[in-house]
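Participant: Enclosed is the structure file input25.txt (compact mmCIF, C-alpha atoms and all ligand atoms).
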```
# COMPACT_ATOMS: atom_id res chain seq x y z
CA MET A 3 -15.72 -23.33 -14.70
CA ALA A 4 -13.60 -20.90 -12.77
CA ARG A 5 -10.97 -19.16 -14.87
CA ARG A 6 -8.36 -19.94 -12.25
CA LYS A 7 -8.11 -20.82 -8.60
CA LYS A 8 -8.91 -18.07 -6.12
CA ILE A 9 -6.46 -18.18 -3.23
CA TYR A 10 -7.83 -15.39 -1.07
CA GLU A 11 -10.29 -12.54 -1.30
CA GLY A 12 -9.68 -9.47 0.84
CA LYS A 13 -11.47 -6.13 1.12
CA ALA A 14 -9.77 -4.44 -1.83
CA LYS A 15 -7.92 -7.23 -3.64
CA ILE A 16 -8.20 -10.83 -4.77
CA LEU A 17 -5.30 -13.25 -5.05
CA TYR A 18 -5.39 -15.93 -7.73
CA GLU A 19 -3.03 -18.78 -8.42
CA GLY A 20 -0.26 -17.52 -10.72
CA PRO A 21 0.93 -18.98 -14.03
CA GLU A 22 4.16 -20.33 -12.52
CA PRO A 23 4.93 -21.92 -9.15
CA GLY A 24 5.73 -19.35 -6.50
CA THR A 25 3.59 -16.64 -8.13
CA TYR A 26 0.14 -15.16 -7.59
CA VAL A 27 -1.97 -12.81 -9.63
CA GLN A 28 -3.12 -9.84 -7.55
CA TYR A 29 -6.42 -8.34 -8.76
CA PHE A 30 -7.37 -4.83 -7.57
CA LYS A 31 -11.11 -4.38 -6.92
CA ASP A 32 -13.03 -1.12 -6.97
CA ASP A 33 -14.28 -1.77 -3.43
CA ALA A 34 -13.39 0.65 -0.67
CA THR A 35 -13.84 -0.10 3.02
CA ALA A 36 -13.08 1.86 6.15
CA PHE A 37 -13.45 1.52 9.91
CA ASN A 38 -12.81 -2.21 9.75
CA ALA A 39 -15.29 -2.65 6.86
CA GLN A 40 -18.20 -0.94 8.65
CA LYS A 41 -18.23 1.60 5.82
CA LYS A 42 -18.27 0.21 2.28
CA ALA A 43 -18.59 1.52 -1.27
CA THR A 44 -17.61 0.74 -4.81
CA ILE A 45 -15.56 3.47 -6.41
CA GLU A 46 -15.27 3.10 -10.14
CA GLY A 47 -11.70 3.15 -11.33
CA LYS A 48 -10.04 2.79 -7.92
CA GLY A 49 -8.71 -0.69 -8.72
CA VAL A 50 -7.13 0.47 -11.96
CA LEU A 51 -5.47 3.42 -10.22
CA ASN A 52 -4.13 1.36 -7.33
CA ASN A 53 -2.80 -1.36 -9.64
CA ARG A 54 -0.89 1.27 -11.58
CA LEU A 55 0.27 3.22 -8.50
CA SER A 56 1.42 0.12 -6.64
CA GLU A 57 3.36 -0.92 -9.75
CA PHE A 58 4.97 2.52 -9.84
CA PHE A 59 6.06 2.47 -6.17
CA MET A 60 7.18 -1.17 -6.12
CA THR A 61 9.21 -0.69 -9.32
CA GLY A 62 10.82 2.36 -7.73
CA LEU A 63 11.73 0.25 -4.69
CA THR A 64 13.25 -2.42 -6.95
CA ASN A 65 15.30 0.28 -8.69
CA ILE A 66 16.88 1.35 -5.41
CA GLY A 67 17.45 -2.21 -4.21
CA ILE A 68 14.53 -2.74 -1.83
CA PRO A 69 13.20 -6.23 -2.54
CA ASN A 70 9.44 -6.58 -3.01
CA HIS A 71 6.84 -8.95 -4.38
CA PHE A 72 6.09 -7.13 -7.66
CA ILE A 73 7.06 -8.99 -10.84
CA ARG A 74 5.09 -7.27 -13.60
CA ARG A 75 1.75 -5.73 -14.40
CA LEU A 76 -0.49 -8.01 -16.44
CA ASN A 77 -3.35 -5.70 -17.35
CA MET A 78 -5.37 -2.75 -16.04
CA ARG A 79 -6.37 -4.50 -12.82
CA GLU A 80 -3.90 -7.30 -12.33
CA GLN A 81 -0.26 -7.74 -11.51
CA LEU A 82 1.96 -10.78 -11.18
CA ILE A 83 3.56 -11.03 -7.76
CA ARG A 84 5.79 -13.39 -5.82
CA GLN A 85 4.08 -15.69 -3.39
CA VAL A 86 5.17 -14.85 0.15
CA GLU A 87 4.39 -15.94 3.68
CA ILE A 88 2.84 -12.76 5.08
CA ILE A 89 3.99 -11.72 8.56
CA PRO A 90 0.74 -10.90 10.40
CA LEU A 91 1.71 -7.28 11.07
CA GLU A 92 0.75 -3.93 9.65
CA VAL A 93 3.99 -1.97 9.64
CA ILE A 94 3.12 1.70 9.95
CA VAL A 95 5.54 4.58 9.47
CA ARG A 96 4.54 8.07 10.56
CA ASN A 97 6.15 11.40 9.70
CA PHE A 98 3.32 13.62 10.96
CA ALA A 99 0.64 12.87 13.55
CA ALA A 100 -2.69 11.73 12.07
CA GLY A 101 -5.41 9.14 12.42
CA THR A 102 -5.24 6.86 15.42
CA MET A 103 -1.98 8.36 16.67
CA ALA A 104 -3.38 11.89 16.73
CA LYS A 105 -6.49 10.61 18.50
CA ARG A 106 -4.63 8.46 21.04
CA LEU A 107 -2.24 11.23 22.06
CA GLY A 108 -4.58 14.20 21.59
CA MET A 109 -2.32 15.71 18.94
CA GLU A 110 -3.43 17.95 16.13
CA GLU A 111 -3.35 16.16 12.78
CA GLY A 112 -0.42 17.31 10.69
CA THR A 113 1.92 17.98 13.63
CA PRO A 114 5.44 17.05 12.46
CA LEU A 115 7.03 14.24 14.48
CA PRO A 116 10.60 14.65 15.82
CA ARG A 117 11.61 11.64 13.69
CA PRO A 118 9.84 8.95 11.68
CA ILE A 119 8.07 6.56 14.03
CA VAL A 120 7.58 2.90 13.12
CA GLU A 121 4.77 1.02 14.85
CA PHE A 122 3.08 -2.34 14.46
CA SER A 123 -0.50 -3.56 14.48
CA TYR A 124 -1.49 -7.17 14.67
CA LYS A 125 -3.25 -8.02 11.39
CA ASN A 126 -6.59 -9.34 12.61
CA ASP A 127 -9.87 -7.91 11.34
CA ALA A 128 -11.94 -9.46 14.11
CA LEU A 129 -9.84 -7.55 16.67
CA GLY A 130 -9.64 -4.37 14.58
CA ASP A 131 -5.86 -4.64 13.97
CA PRO A 132 -4.74 -3.69 17.51
CA LEU A 133 -1.48 -1.81 18.07
CA VAL A 134 1.09 -4.19 19.54
CA PRO A 135 4.48 -3.59 21.15
CA GLU A 136 7.55 -5.38 19.78
CA GLU A 137 7.61 -7.42 23.00
CA TYR A 138 4.33 -9.14 21.98
CA ILE A 139 5.61 -9.82 18.46
CA LEU A 140 8.74 -11.50 19.81
CA ALA A 141 6.95 -13.37 22.62
CA PHE A 142 4.26 -14.77 20.32
CA GLY A 143 6.86 -15.68 17.70
CA TRP A 144 5.30 -13.67 14.86
CA ALA A 145 8.80 -12.44 14.05
CA SER A 146 12.29 -12.81 15.51
CA GLN A 147 14.52 -10.00 16.79
CA GLN A 148 16.55 -10.22 13.57
CA ASP A 149 13.31 -10.00 11.52
CA MET A 150 12.23 -6.94 13.50
CA ASP A 151 15.55 -5.19 12.92
CA ASP A 152 15.24 -5.93 9.19
CA ILE A 153 11.59 -4.83 9.11
CA VAL A 154 12.37 -1.47 10.75
CA SER A 155 15.25 -0.90 8.37
CA ILE A 156 13.11 -1.78 5.32
CA ALA A 157 10.25 0.42 6.59
CA LEU A 158 12.55 3.43 7.03
CA ARG A 159 14.10 2.96 3.59
CA VAL A 160 10.63 2.76 2.04
CA ASN A 161 9.73 5.92 3.98
CA ASP A 162 12.76 7.82 2.63
CA PHE A 163 11.93 6.73 -0.90
CA LEU A 164 8.20 7.46 -0.75
CA ALA A 165 8.59 10.75 1.10
CA GLY A 166 11.15 11.90 -1.49
CA VAL A 167 9.05 10.88 -4.48
CA MET A 168 6.00 12.58 -3.00
CA HIS A 169 7.92 15.72 -2.08
CA GLY A 170 8.96 15.98 -5.72
CA VAL A 171 5.33 16.29 -6.78
CA GLY A 172 4.21 18.64 -4.00
CA ILE A 173 2.73 16.02 -1.68
CA LYS A 174 3.48 15.48 2.02
CA LEU A 175 3.75 11.84 3.10
CA ILE A 176 1.97 11.89 6.45
CA ASP A 177 2.07 8.14 7.14
CA PHE A 178 1.71 4.78 5.41
CA LYS A 179 1.36 1.10 5.99
CA ILE A 180 3.29 -1.77 4.43
CA GLU A 181 3.18 -5.50 4.87
CA ILE A 182 6.21 -7.73 4.86
CA GLY A 183 6.44 -11.29 3.58
CA ARG A 184 8.95 -14.09 3.85
CA ILE A 185 10.36 -15.86 0.83
CA TRP A 186 12.39 -19.03 1.07
CA ASP A 187 15.35 -20.01 -1.02
CA GLY A 188 16.06 -23.48 0.33
CA ASP A 189 16.78 -22.90 4.01
CA PHE A 190 17.61 -19.26 3.42
CA MET A 191 14.82 -16.81 4.30
CA ARG A 192 14.48 -13.21 3.12
CA LEU A 193 12.00 -10.49 3.98
CA ILE A 194 10.43 -8.51 1.16
CA VAL A 195 7.81 -5.78 0.84
CA ALA A 196 4.43 -7.28 -0.14
CA ASP A 197 0.71 -6.37 -0.43
CA GLU A 198 0.38 -2.92 -2.02
CA ILE A 199 1.56 0.67 -1.79
CA SER A 200 -1.22 3.02 -2.88
CA PRO A 201 -3.29 5.95 -1.60
CA ASP A 202 -5.44 3.29 0.12
CA SER A 203 -2.57 2.64 2.54
CA CYS A 204 -0.93 6.08 2.78
CA ARG A 205 -1.92 9.52 3.99
CA LEU A 206 -1.00 12.08 1.34
CA TRP A 207 -1.60 15.81 1.75
CA ASP A 208 -1.08 18.48 -0.85
CA MET A 209 1.96 20.46 0.31
CA LYS A 210 0.40 23.90 -0.22
CA THR A 211 -3.25 23.42 0.69
CA ASN A 212 -3.19 20.30 2.92
CA ARG A 213 -5.91 18.85 0.68
CA LYS A 214 -6.18 15.13 1.36
CA LEU A 215 -5.36 12.87 -1.60
CA ASP A 216 -5.81 9.48 0.07
CA LYS A 217 -8.39 7.14 1.56
CA ASP A 218 -9.37 9.72 4.21
CA VAL A 219 -11.38 11.34 1.38
CA PHE A 220 -13.61 8.26 1.59
CA ARG A 221 -13.35 7.67 5.35
CA ARG A 222 -14.36 11.27 6.11
CA ASP A 223 -16.63 12.01 3.11
CA LEU A 224 -14.36 14.74 1.76
CA GLY A 225 -15.24 14.37 -1.92
CA ASP A 226 -14.46 12.20 -4.91
CA LEU A 227 -11.93 9.48 -4.05
CA ALA A 228 -11.17 8.43 -7.64
CA GLU A 229 -10.53 12.06 -8.51
CA ALA A 230 -8.06 12.40 -5.61
CA TYR A 231 -6.20 9.20 -6.60
CA THR A 232 -6.16 10.34 -10.25
CA GLU A 233 -4.52 13.58 -9.09
CA VAL A 234 -1.75 11.58 -7.36
CA ALA A 235 -1.29 9.41 -10.49
CA ARG A 236 -1.27 12.47 -12.73
CA ARG A 237 1.36 14.29 -10.65
CA LEU A 238 3.55 11.18 -10.65
CA GLY A 239 3.16 10.95 -14.41
CA VAL A 240 1.81 7.41 -14.26
CA MET A 241 -1.57 8.08 -15.78
CA GLN A 242 -2.92 10.41 -18.39
CA SER A 243 -5.32 12.94 -16.87
CA ALA A 244 -7.51 12.69 -19.97
CA PRO A 245 -7.75 10.11 -22.74
CA VAL A 246 -5.10 10.70 -25.37
CA ASN A 247 -6.63 12.17 -28.49
CA ILE A 248 -4.99 10.29 -31.30
CA GLY A 249 -7.22 11.97 -33.88
CA LYS A 250 -8.39 10.63 -37.19
CA PRO A 251 -6.13 8.65 -39.50
CA LYS A 252 -4.28 10.97 -41.86
CA LEU A 253 -3.10 10.21 -45.35
CA ILE A 254 0.60 10.70 -45.81
CA ASN A 255 1.49 12.24 -49.15
O1 LIG A 301 -6.19 4.66 9.25
P1 LIG A 301 -6.48 4.70 10.71
O2 LIG A 301 -6.72 6.06 11.26
O3 LIG A 301 -7.49 3.67 11.15
O4 LIG A 301 -5.17 4.14 11.39
P2 LIG A 301 -3.72 4.74 11.49
O5 LIG A 301 -3.02 3.83 12.44
O6 LIG A 301 -3.72 6.18 11.80
O7 LIG A 301 -3.12 4.51 10.03
C1 LIG A 301 -1.81 4.87 9.68
C2 LIG A 301 -1.61 4.64 8.20
O8 LIG A 301 -1.67 3.26 7.89
C3 LIG A 301 -2.67 5.31 7.32
O9 LIG A 301 -2.03 5.82 6.16
C4 LIG A 301 -3.62 4.21 6.96
O10 LIG A 301 -4.21 4.42 5.70
C5 LIG A 301 -2.69 2.99 6.94
N1 LIG A 301 -3.41 1.78 7.35
C6 LIG A 301 -3.76 0.83 6.41
O11 LIG A 301 -3.44 0.98 5.23
N2 LIG A 301 -4.44 -0.31 6.76
C7 LIG A 301 -4.77 -0.53 8.04
N3 LIG A 301 -5.42 -1.63 8.36
C8 LIG A 301 -4.43 0.42 9.02
C9 LIG A 301 -3.74 1.56 8.65
```
Here is the file; what I need is its structure written in the form of C-alpha cells.
Ligand code: CDP
Facilitator:
Amino acid sequence: MARRKKIYEGKAKILYEGPEPGTYVQYFKDDATAFNAQKKATIEGKGVLNNRLSEFFMTGLTNIGIPNHFIRRLNMREQLIRQVEIIPLEVIVRNFAAGTMAKRLGMEEGTPLPRPIVEFSYKNDALGDPLVPEEYILAFGWASQQDMDDIVSIALRVNDFLAGVMHGVGIKLIDFKIEIGRIWDGDFMRLIVADEISPDSCRLWDMKTNRKLDKDVFRRDLGDLAEAYTEVARRLGVMQSAPVNIGKPKLIN
C-alpha cells in the first residue's frame, strides 16, 4: 500500500498529500534535468541540499514579511508546505545577463543590467516554457493586472533579499526563478511565493572568481554539482562541510 497519496511528480520534486487539510509534503529528489529534460542525471545528495537551502531562503523571506508556502522541514528530504493554486508562470528576475537573455540579445554573460529585470515564461514543458509578454498573461486570464503588480513587487523584494544574503557570503546573484501561488481565505485571495528557491533555480557566481555554483555546473558539464551546492550551503552556514566528529564517549570524573 502506498504510504500516502502522491499528488504530483515533477522533474526534481514530488508532492504528497499533507497531514492536515491545505498542506502538502514536498519531497526533493536527487534527479537533475536540463534543456527541458533532454539531459538527465541523478546527483546524490542534491535533494537533501535543496530541501535545506529552500528552507533557509523561505524562512528568511518569512522573517522579513514576504509570505511563502514553507511551513516546516520534516526530515532530510521533505518539507511541509501550504497548498496553493500555482499561477502558470515562471517569474524570472535578472541582475546580470546570462542564459537565454544573453543568447537572445547577443550579450556577454555576466554583463550587469541597468536595473533588475523581471520577465515571465509560460509554465509549459511541451512548449519549452516560452517567454511571454504581460499582455498575453492578462489577455489569457492567467493573472489580473493587480496580480501582476503584486507579482512584480514580490519578485523585486525577493531579489533584494536574495542578492543581499548572497553578497554577504561572496556570491553574485545573476538571476533566479520563482513561482507564485494563490491561497484563499474565504473570498479573499493572496499571492505567496511557492515551489522552491535553491541553486537549481538561481544562477550564483563566486564574487572573486566567477566560478559557477548553480545548475549551470550540470547543464554545461563544469564539474561536481553536489560539491557546488554544498559550497553554497557551507557559506550560508546551513550545512556542515564535514560530518561533526563527536568523538568517543568520555567518562566524567
Ligand atoms: O536556464 P535557462 O538558460 O534555460 O533560462 P533563463 O531564462 O536564462 O533562466 C533564468 C533563471 O531562471 C536561471 O537561474 C534558471 O536556473 C531559472 N529557471 C528555472 O529555474 N526554471 C526554468 N524552467 C527556467 C529558468
Participant: Just want the 9 Å neighbourhood of Asp218 in chain A, counted on all atoms listed in the file, with same-chain residues fewer than 2 positions away dropped. Output as a list in words.
Facilitator: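 Within the cut-off, the hits are Ala36, Asp202, Arg205, Lys214, Leu215, Asp216, Phe220, Arg221, Arg222, Asp223, Leu224 and Leu227 of chain A.
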Participant: Just checking: using only C-alpha atoms, which residue out of A:Met209, A:Leu164, A:Met103, A:Cys204 ends up closest to Met60 in chain A?
Facilitator: A:Leu164
Participant: Looking at A:Val86, A:Leu238, A:Leu175, A:Ala104, which one is nearest to Thr25 in chain A, with distances taken over only C-alpha atoms?
Facilitator: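 Answer, going by the shortest atom-to-atom distance: A:Val86.
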Participant: Please identify every polymer residue within 9 Å of ligand LIG 301 (chain A), using all atoms listed in the file, and present the set as JSON, numbers by chain.
Facilitator: {"A": [36, 37, 38, 92, 93, 94, 95, 96, 99, 100, 101, 102, 103, 104, 105, 121, 122, 123, 125, 126, 127, 130, 131, 133, 175, 176, 177, 178, 179, 180, 199, 200, 201, 202, 203, 204, 205, 206, 216, 217, 218, 221]}
Participant: Counting only C-alpha atoms, which residue out of A:Tyr18, A:Phe98, A:Trp207, A:Phe163 sits closest to Pro116 in chain A?
Facilitator: A:Phe98
Participant: Under the rule that all atoms listed in the file are counted, which of A:Lys250, A:Leu91, A:Val167, A:Leu51 is the nearest residue to Met150 in chain A?
Facilitator: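 Residue with the minimum atom-to-atom distance to Met150 in chain A: A:Leu91.
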Participant: Of the candidates A:Thr44, A:Gly12, A:Gln28, A:His71, which one gets nearest to Ile185 in chain A if we count all atoms listed in the file?
Facilitator: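 So, comparing all the options, the nearest one is A:His71.
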Participant: How many Å separate CA of Leu76 in chain A from CA of Val50 in chain A?
Facilitator: 11.7 Å
Participant: Please fill the gaps in range 186-197 of chain A so it has all heavy atoms, and write that as a tab-separated table (two decimals), in the frame of the given file.
Facilitator:
```tsv
chain	number	residue	atom	x	y	z
A	186	TRP	N	11.39	-18.00	0.74
A	186	TRP	CA	12.39	-19.03	1.07
A	186	TRP	C	13.16	-19.42	-0.16
A	186	TRP	O	12.60	-19.61	-1.23
A	186	TRP	CB	11.70	-20.26	1.65
A	186	TRP	CG	11.02	-19.97	2.95
A	186	TRP	CD1	9.74	-19.55	3.13
A	186	TRP	CD2	11.61	-20.03	4.24
A	186	TRP	NE1	9.48	-19.35	4.46
A	186	TRP	CE2	10.62	-19.64	5.18
A	186	TRP	CE3	12.89	-20.36	4.72
A	186	TRP	CZ2	10.85	-19.58	6.54
A	186	TRP	CZ3	13.12	-20.31	6.10
A	186	TRP	CH2	12.11	-19.92	6.99
A	187	ASP	N	14.46	-19.53	0.03
A	187	ASP	CA	15.35	-20.01	-1.02
A	187	ASP	C	16.10	-21.16	-0.37
A	187	ASP	O	17.11	-20.95	0.29
A	187	ASP	CB	16.29	-18.84	-1.38
A	187	ASP	CG	16.99	-19.08	-2.69
A	187	ASP	OD1	16.82	-20.17	-3.24
A	187	ASP	OD2	17.72	-18.16	-3.14
A	188	GLY	N	15.55	-22.36	-0.47
A	188	GLY	CA	16.06	-23.48	0.33
A	188	GLY	C	15.84	-23.16	1.79
A	188	GLY	O	14.72	-22.83	2.19
A	189	ASP	N	16.90	-23.20	2.58
A	189	ASP	CA	16.78	-22.90	4.01
A	189	ASP	C	16.94	-21.41	4.29
A	189	ASP	O	16.76	-20.95	5.40
A	189	ASP	CB	17.90	-23.63	4.79
A	189	ASP	CG	17.52	-25.09	5.00
A	189	ASP	OD1	16.34	-25.42	4.78
A	189	ASP	OD2	18.43	-25.87	5.35
A	190	PHE	N	17.31	-20.68	3.25
A	190	PHE	CA	17.61	-19.26	3.42
A	190	PHE	C	16.33	-18.44	3.30
A	190	PHE	O	15.60	-18.57	2.33
A	190	PHE	CB	18.65	-18.86	2.37
A	190	PHE	CG	19.11	-17.45	2.49
A	190	PHE	CD1	19.88	-17.04	3.57
A	190	PHE	CD2	18.75	-16.51	1.53
A	190	PHE	CE1	20.30	-15.73	3.69
A	190	PHE	CE2	19.17	-15.19	1.65
A	190	PHE	CZ	19.94	-14.81	2.72
A	191	MET	N	16.06	-17.60	4.30
A	191	MET	CA	14.82	-16.81	4.30
A	191	MET	C	15.16	-15.34	4.11
A	191	MET	O	16.13	-14.83	4.68
A	191	MET	CB	14.12	-17.03	5.65
A	191	MET	CG	12.74	-16.45	5.75
A	191	MET	SD	12.69	-14.73	6.22
A	191	MET	CE	13.40	-14.81	7.87
A	192	ARG	N	14.32	-14.66	3.30
A	192	ARG	CA	14.48	-13.21	3.12
A	192	ARG	C	13.16	-12.53	3.35
A	192	ARG	O	12.10	-13.10	3.10
A	192	ARG	CB	14.92	-12.91	1.68
A	192	ARG	CG	16.39	-13.13	1.44
A	192	ARG	CD	16.87	-12.41	0.19
A	192	ARG	NE	16.08	-12.74	-1.00
A	192	ARG	CZ	15.75	-11.85	-1.93
A	192	ARG	NH1	16.10	-10.58	-1.79
A	192	ARG	NH2	15.07	-12.22	-2.99
A	193	LEU	N	13.22	-11.28	3.79
A	193	LEU	CA	12.00	-10.49	3.98
A	193	LEU	C	11.85	-9.52	2.82
A	193	LEU	O	12.83	-8.85	2.46
A	193	LEU	CB	12.08	-9.72	5.30
A	193	LEU	CG	12.19	-10.58	6.56
A	193	LEU	CD1	12.37	-9.69	7.79
A	193	LEU	CD2	10.96	-11.45	6.73
A	194	ILE	N	10.65	-9.44	2.27
A	194	ILE	CA	10.43	-8.51	1.16
A	194	ILE	C	9.12	-7.73	1.38
A	194	ILE	O	8.25	-8.18	2.12
A	194	ILE	CB	10.41	-9.22	-0.22
A	194	ILE	CG1	9.18	-10.12	-0.40
A	194	ILE	CG2	11.68	-10.03	-0.44
A	194	ILE	CD1	9.06	-10.70	-1.83
A	195	VAL	N	9.02	-6.59	0.74
A	195	VAL	CA	7.81	-5.78	0.84
A	195	VAL	C	6.72	-6.46	-0.01
A	195	VAL	O	6.97	-6.89	-1.13
A	195	VAL	CB	8.06	-4.34	0.33
A	195	VAL	CG1	6.78	-3.51	0.38
A	195	VAL	CG2	9.16	-3.67	1.14
A	196	ALA	N	5.51	-6.56	0.56
A	196	ALA	CA	4.43	-7.28	-0.14
A	196	ALA	C	3.16	-6.41	-0.16
A	196	ALA	O	3.23	-5.20	0.07
A	196	ALA	CB	4.18	-8.61	0.55
A	197	ASP	N	2.03	-7.02	-0.45
A	197	ASP	CA	0.71	-6.37	-0.43
A	197	ASP	C	0.64	-5.26	-1.48
A	197	ASP	O	0.70	-5.54	-2.66
A	197	ASP	CB	0.41	-5.88	0.99
A	197	ASP	CG	-1.01	-5.39	1.15
A	197	ASP	OD1	-1.94	-6.12	0.76
A	197	ASP	OD2	-1.20	-4.27	1.66
```
